[in-house]
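Since the structure comes first, as structure tokens, the remarks are kept for the end.
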Amino acid sequence: MKIDLLVCDPDRDTASVEQATANLSDELLQSPYWQVGPRPGGAAPPGSRAADVALLGGLLVSLVESPALLELLVAQVRDWLRRDPVPRTVEMSIDGDTIVVSGVSAEDQRRLIESWLARHGGGRG
């Protein structure tokens with residue numbers, strides 16, 4: 001299973017996005033459960049300030065198709081976001097199905113994540 005991650009920080013410069021992406025990558029690489037690499041090239045997201053932000057802010061995570069591992073990955077991304085002093089979000093996509101994960105622990109965020117996980121074989125439905 002491949003998960004496309006994009007660190008979103010629209011009000012920051014590309015250096016900030018690049019550093020945040022490197023920090024997230026370093027943290028995810030500490031886990032033996034998945035592989036992390038750069039996101040393949042592509043068009044920048046609509047409204048982005050620089051053409052290379054999609055490359056700078058993107059990671060591709062590969063893992064064995066496992067609901068438990070997918071839930072663990074989402075939890076690790078949320079934990080990283082909560083610790084980051086800059087308010088950011090991370091877009092996570094599987095086969096074009098995207099969820100925006102934020103560090104906010106709101107009930108609506110939890111339900112959205114659970115619904116996205118359920119569509120990909122994980123979560124509580």
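Ordering of the structure tokens sets the chain letters (A, B, ...); residue numbers start at 1 within each chain; ligands are numbered from 1 in the order shown.
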
Could you give me, as JSON, numbers by chain, the residues within 9 Å of Asp95 in chain A, counting only C-alpha atoms and dropping anything in the same chain fewer than 6 positions from it? {"A": [2, 3, 4]}

Nearest-residue call for Glu65 in chain A, choices A:Thr98, A:Trp34, A:Val90, A:Asp13, using only C-alpha atoms: A:Trp34

List as a list of chain:residue names the protein and nucleic acid residues near Arg88 in chain A, meaning an atom at most 9 Å away when only C-alpha atoms are counted, but skip any in the same chain fewer than 2 places from it. A:Val7, A:Cys8, A:Asp9, A:Pro10, A:Leu81, A:Asp84, A:Pro85, A:Val86, A:Val90, A:Val101, A:Ser102, A:Gly103

Could you save those same residues with N, CA and C atoms as an mmCIF file, in the first residue's frame?
data_model
loop_
_atom_site.group_PDB
_atom_site.id
_atom_site.type_symbol
_atom_site.label_atom_id
_atom_site.label_comp_id
_atom_site.auth_asym_id
_atom_site.auth_seq_id
_atom_site.Cartn_x
_atom_site.Cartn_y
_atom_site.Cartn_z
ATOM 1 N N VAL A 7 2.852 17.798 3.260
ATOM 2 C CA VAL A 7 2.865 18.744 4.371
ATOM 3 C C VAL A 7 2.369 20.082 3.834
ATOM 4 N N CYS A 8 1.314 20.609 4.444
ATOM 5 C CA CYS A 8 0.692 21.849 3.984
ATOM 6 C C CYS A 8 0.974 22.970 4.971
ATOM 7 N N ASP A 9 1.519 24.021 4.478
ATOM 8 C CA ASP A 9 1.855 25.184 5.274
ATOM 9 C C ASP A 9 1.805 26.393 4.348
ATOM 10 N N PRO A 10 0.603 26.808 3.917
ATOM 11 C CA PRO A 10 0.467 27.800 2.859
ATOM 12 C C PRO A 10 1.019 29.180 3.189
ATOM 13 N N LEU A 81 2.176 16.420 14.282
ATOM 14 C CA LEU A 81 1.516 17.708 14.088
ATOM 15 C C LEU A 81 1.251 18.415 15.416
ATOM 16 N N ASP A 84 4.453 20.033 16.629
ATOM 17 C CA ASP A 84 5.035 21.068 15.772
ATOM 18 C C ASP A 84 4.518 22.433 16.225
ATOM 19 N N PRO A 85 5.414 23.398 16.475
ATOM 20 C CA PRO A 85 4.956 24.709 16.943
ATOM 21 C C PRO A 85 4.216 25.524 15.871
ATOM 22 N N VAL A 86 4.371 25.163 14.609
ATOM 23 C CA VAL A 86 3.694 25.878 13.517
ATOM 24 C C VAL A 86 2.417 25.127 13.173
ATOM 25 N N VAL A 90 -1.423 17.865 7.222
ATOM 26 C CA VAL A 90 -0.830 16.902 6.303
ATOM 27 C C VAL A 90 -1.971 16.263 5.540
ATOM 28 N N VAL A 101 -5.245 15.811 7.699
ATOM 29 C CA VAL A 101 -5.007 15.530 9.116
ATOM 30 C C VAL A 101 -4.404 16.774 9.741
ATOM 31 N N SER A 102 -4.978 17.186 10.859
ATOM 32 C CA SER A 102 -4.439 18.343 11.576
ATOM 33 C C SER A 102 -4.105 17.937 13.001
ATOM 34 N N GLY A 103 -3.370 18.772 13.691
ATOM 35 C CA GLY A 103 -2.988 18.484 15.065
ATOM 36 C C GLY A 103 -4.102 18.722 16.057
#

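The shortest atom-to-atom distance to Thr89 in chain A, with only C-alpha atoms taken into account, belongs to A:Gln109 out of A:Thr14, A:Ser115, A:Gln35, A:Gln109.
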
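When only C-alpha atoms are used to measure the gap to Leu63 in chain A, the shortest distance among A:Val17, A:Met1, A:Met92, A:Leu28 belongs to A:Met1.
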
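Between CA of Ala118 in chain A and CA of Ala22 in chain A the interatomic distance comes to 28.7 Å.
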
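Here CA of Ile113 in chain A and CA of Gly37 in chain A stand 23.1 Å from one another.
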
Here CA of Leu72 in chain A and CA of Glu114 in chain A stand apart by 12.2 Å

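Considering only C-alpha atoms, the residue among A:Asn23, A:Leu6, A:Gln76, A:Glu18 positioned nearest to Gly58 in chain A is A:Leu6.
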
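Among the candidates A:Leu29, A:Pro67, A:Val36, A:Leu5, the one nearest to Val100 in chain A when counting only C-alpha atoms is A:Leu5.
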